[in-house]
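Report on the structure given below.
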Amino acid sequence: NKMAHTHNDPGKSLMWKGDTRGIADTGVFDYQAGENRSVSRSVKSHNTVQVDEAEPVNYGGRFRMSGAIISRTTTATVSRVSAVTAQYETGERDQYQHRRTVFRDDSWLFVRDDIQSEASQYTSRLHAHPDVSVRRDGKDVYFVREDGSELRVKPIQLEEVDIETGPYFPRFGVEIERDVVEFRTSNQAFGYFILDEDIDIEVEFEGLSQMTAHI
């Protein structure tokens, strides 16, 4: 993410259902120094975790970062379930480690985040594509497509849920408002299921970081 891209987006997730985008990046408004450039590059504009108010890497200008992160990615498949894990460690003043694992079956995804940090607040965001609306039912969140079909997001160990609005830049110089889901927690192990069907889920916890899901 240095030089050409330079966005603070390690561990981000994107989601399609067929040809329909459900969870999308913010995009780029322009490359001029200013608020829109800063917004598009910020961790707040990507579908990943923010630790307190920190950025994974500080900016060194509108095209550069002042440092780098150390990251690695692994994959595995057991029975019908496949998993991809991305792990990185920041080298900035606000140091922390973030490991995100995405488990996938035919009808569900589970996104699990593990943080090692001295911080007290963690925010996980999901940015809806403008063609998708978002509604809440308790702590569960539903992404509703134009055809009326829904994807349910069930948070695990995430204490607060809010639906905000944020910008989406489909192309240079164009800004559209869209829904942004913010999950907040003080737990260092948390996540959410994305379900394409009405599936019952029971989660058991052992200690601070061990969790077992029964689907």
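Identifiers in the structure tokens: chain A, B, ... in order shown; residue index from 1 per chain; ligand index from 1 in order shown.
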
>> Applying 12 Å and only C-alpha atoms, which residues near Arg135 of chain A remain after dropping the ones on its own chain fewer than 2 positions away? List them as an NGL selection string.
In response: :A and (128 or 132-133 or 137-145 or 150-153 or 161-164 or 179-181)

Once you count only C-alpha atoms, what closest atom pair and distance in Å to one decimal does each residue of segment 71-125 of chain A within 12 Å of segment 26-43 of chain A have, with rows by chain and rising residue number, as JSON lines?
```
{"residue": "A:Thr123", "atom": "CA", "partner": "A:Val43", "partner_atom": "CA", "distance": 10.2}
{"residue": "A:Ser124", "atom": "CA", "partner": "A:Val43", "partner_atom": "CA", "distance": 10.0}
{"residue": "A:Arg125", "atom": "CA", "partner": "A:Val43", "partner_atom": "CA", "distance": 9.3}
```

>> Run DSSP on the backbone and tell me which residues of segment 15-169 of chain A come out as strand (DSSP E or B); list them as JSON, numbers by chain.
In response: {"A": [15, 16, 17, 20, 21, 22, 23, 27, 49, 50, 51, 59, 60, 61, 64, 65, 70, 71, 72, 73, 74, 75, 76, 77, 78, 81, 82, 83, 84, 85, 86, 87, 88, 89, 97, 98, 99, 100, 101, 102, 103, 104, 108, 109, 110, 111, 112, 113, 114, 115, 116, 122, 123, 124, 125, 126, 127, 128, 133, 134, 135, 136, 137, 140, 141, 142, 143, 144, 150, 151, 152, 153, 154, 155, 156, 160, 161, 162, 163, 164, 165, 166, 167, 168, 169]}

>> I'd like the contact shell of Thr73 of chain A - 7 Å cut-off, only C-alpha atoms, skipping same-chain residues fewer than 2 positions apart - returned as a list in words.
In response: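 Residues meeting the cut-off are Thr85, Ala86 and Gln87 of chain A.
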
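Within chain A, DSSP run on the backbone puts these residues in helix (DSSP H, G or I): Glu35, Asn36, Arg37, Ser38, Val39, Ser40, Arg41, Val43, Lys44 and Ser45 of chain A.
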
Selection above as a file: N, CA, C and O atoms, as a compact mmCIF listing (two decimals), in the first residue's frame:
```txt
# COMPACT_ATOMS: atom_id res chain seq x y z
N GLU A 35 -9.40 17.45 2.33
CA GLU A 35 -10.24 16.58 3.15
C GLU A 35 -10.65 15.31 2.41
O GLU A 35 -10.60 14.21 2.98
N ASN A 36 -11.08 15.41 1.14
CA ASN A 36 -11.53 14.23 0.41
C ASN A 36 -10.41 13.20 0.23
O ASN A 36 -10.65 11.99 0.32
N ARG A 37 -9.21 13.68 -0.01
CA ARG A 37 -8.07 12.78 -0.15
C ARG A 37 -7.79 12.08 1.17
O ARG A 37 -7.56 10.86 1.20
N SER A 38 -7.85 12.83 2.28
CA SER A 38 -7.61 12.24 3.59
C SER A 38 -8.69 11.23 3.95
O SER A 38 -8.41 10.15 4.49
N VAL A 39 -9.95 11.56 3.64
CA VAL A 39 -11.06 10.66 3.96
C VAL A 39 -10.92 9.34 3.21
O VAL A 39 -11.08 8.26 3.78
N SER A 40 -10.62 9.40 1.92
CA SER A 40 -10.56 8.17 1.12
C SER A 40 -9.43 7.25 1.55
O SER A 40 -9.53 6.03 1.40
N ARG A 41 -8.37 7.81 2.14
CA ARG A 41 -7.22 7.00 2.54
C ARG A 41 -7.35 6.44 3.95
O ARG A 41 -6.66 5.48 4.31
N VAL A 43 -8.35 4.69 7.54
CA VAL A 43 -8.87 3.38 7.95
C VAL A 43 -10.37 3.46 8.20
O VAL A 43 -11.09 2.46 8.04
N LYS A 44 -10.89 4.64 8.56
CA LYS A 44 -12.32 4.80 8.80
C LYS A 44 -13.14 4.57 7.53
O LYS A 44 -14.34 4.30 7.61
N SER A 45 -12.52 4.68 6.37
CA SER A 45 -13.24 4.54 5.10
C SER A 45 -13.12 3.15 4.50
O SER A 45 -13.50 2.94 3.35
```

> For Glu159 of chain A, which residue out of A:Glu182, A:Asp9, A:Glu89, A:Asp114 is the nearest one, using only C-alpha atoms?
Replying inline: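 When distances to Glu159 of chain A are compared using only C-alpha atoms, the smallest one comes from A:Glu182.
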
>> Please determine, counting only C-alpha atoms, which residue among A:Asp52, A:Glu118, A:Glu204, A:Asp113 has the shortest atom-to-atom distance to Thr101 of chain A.
In response: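 When distances to Thr101 of chain A are compared using only C-alpha atoms, the smallest one comes from A:Asp113.
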
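Atom CA of Leu158 of chain A is positioned 24.8 Å from atom CA of Ser71 of chain A.
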
> Suppose you want the space between atom CA of Gln121 of chain A and atom CA of His46 of chain A; what is it in Å?
Replying inline: 17.3 Å

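Nearest to Ser82 of chain A of all the residues A:Asp105, A:Leu14, A:Tyr168, A:His7 is A:Asp105, counting only C-alpha atoms.
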
> Quick one, how far is atom CA of Phe183 of chain A from atom CA of Pro155 of chain A?
Replying inline: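 Distance reported for this atom pair: 7.9 Å.
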
>> Which residue is closest to Asp200 of chain A? Choose from A:Pro56, A:Trp108, A:Glu160, A:Glu177 and count only C-alpha atoms.
In response: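 Result for the nearest residue to Asp200 of chain A: A:Trp108.
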
>> Restricting the calculation to only C-alpha atoms: of A:Ala54, A:Ile201, A:Ile70, A:Val102, which residue gets closest to Ser13 of chain A?
In response: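 Under the stated criterion, the closest residue is A:Val102.
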
> Which of these residues is nearest to Asp198 of chain A, using only C-alpha atoms: A:Glu175, A:Val49, A:Arg100, A:Ser107?
Replying inline: A:Ser107
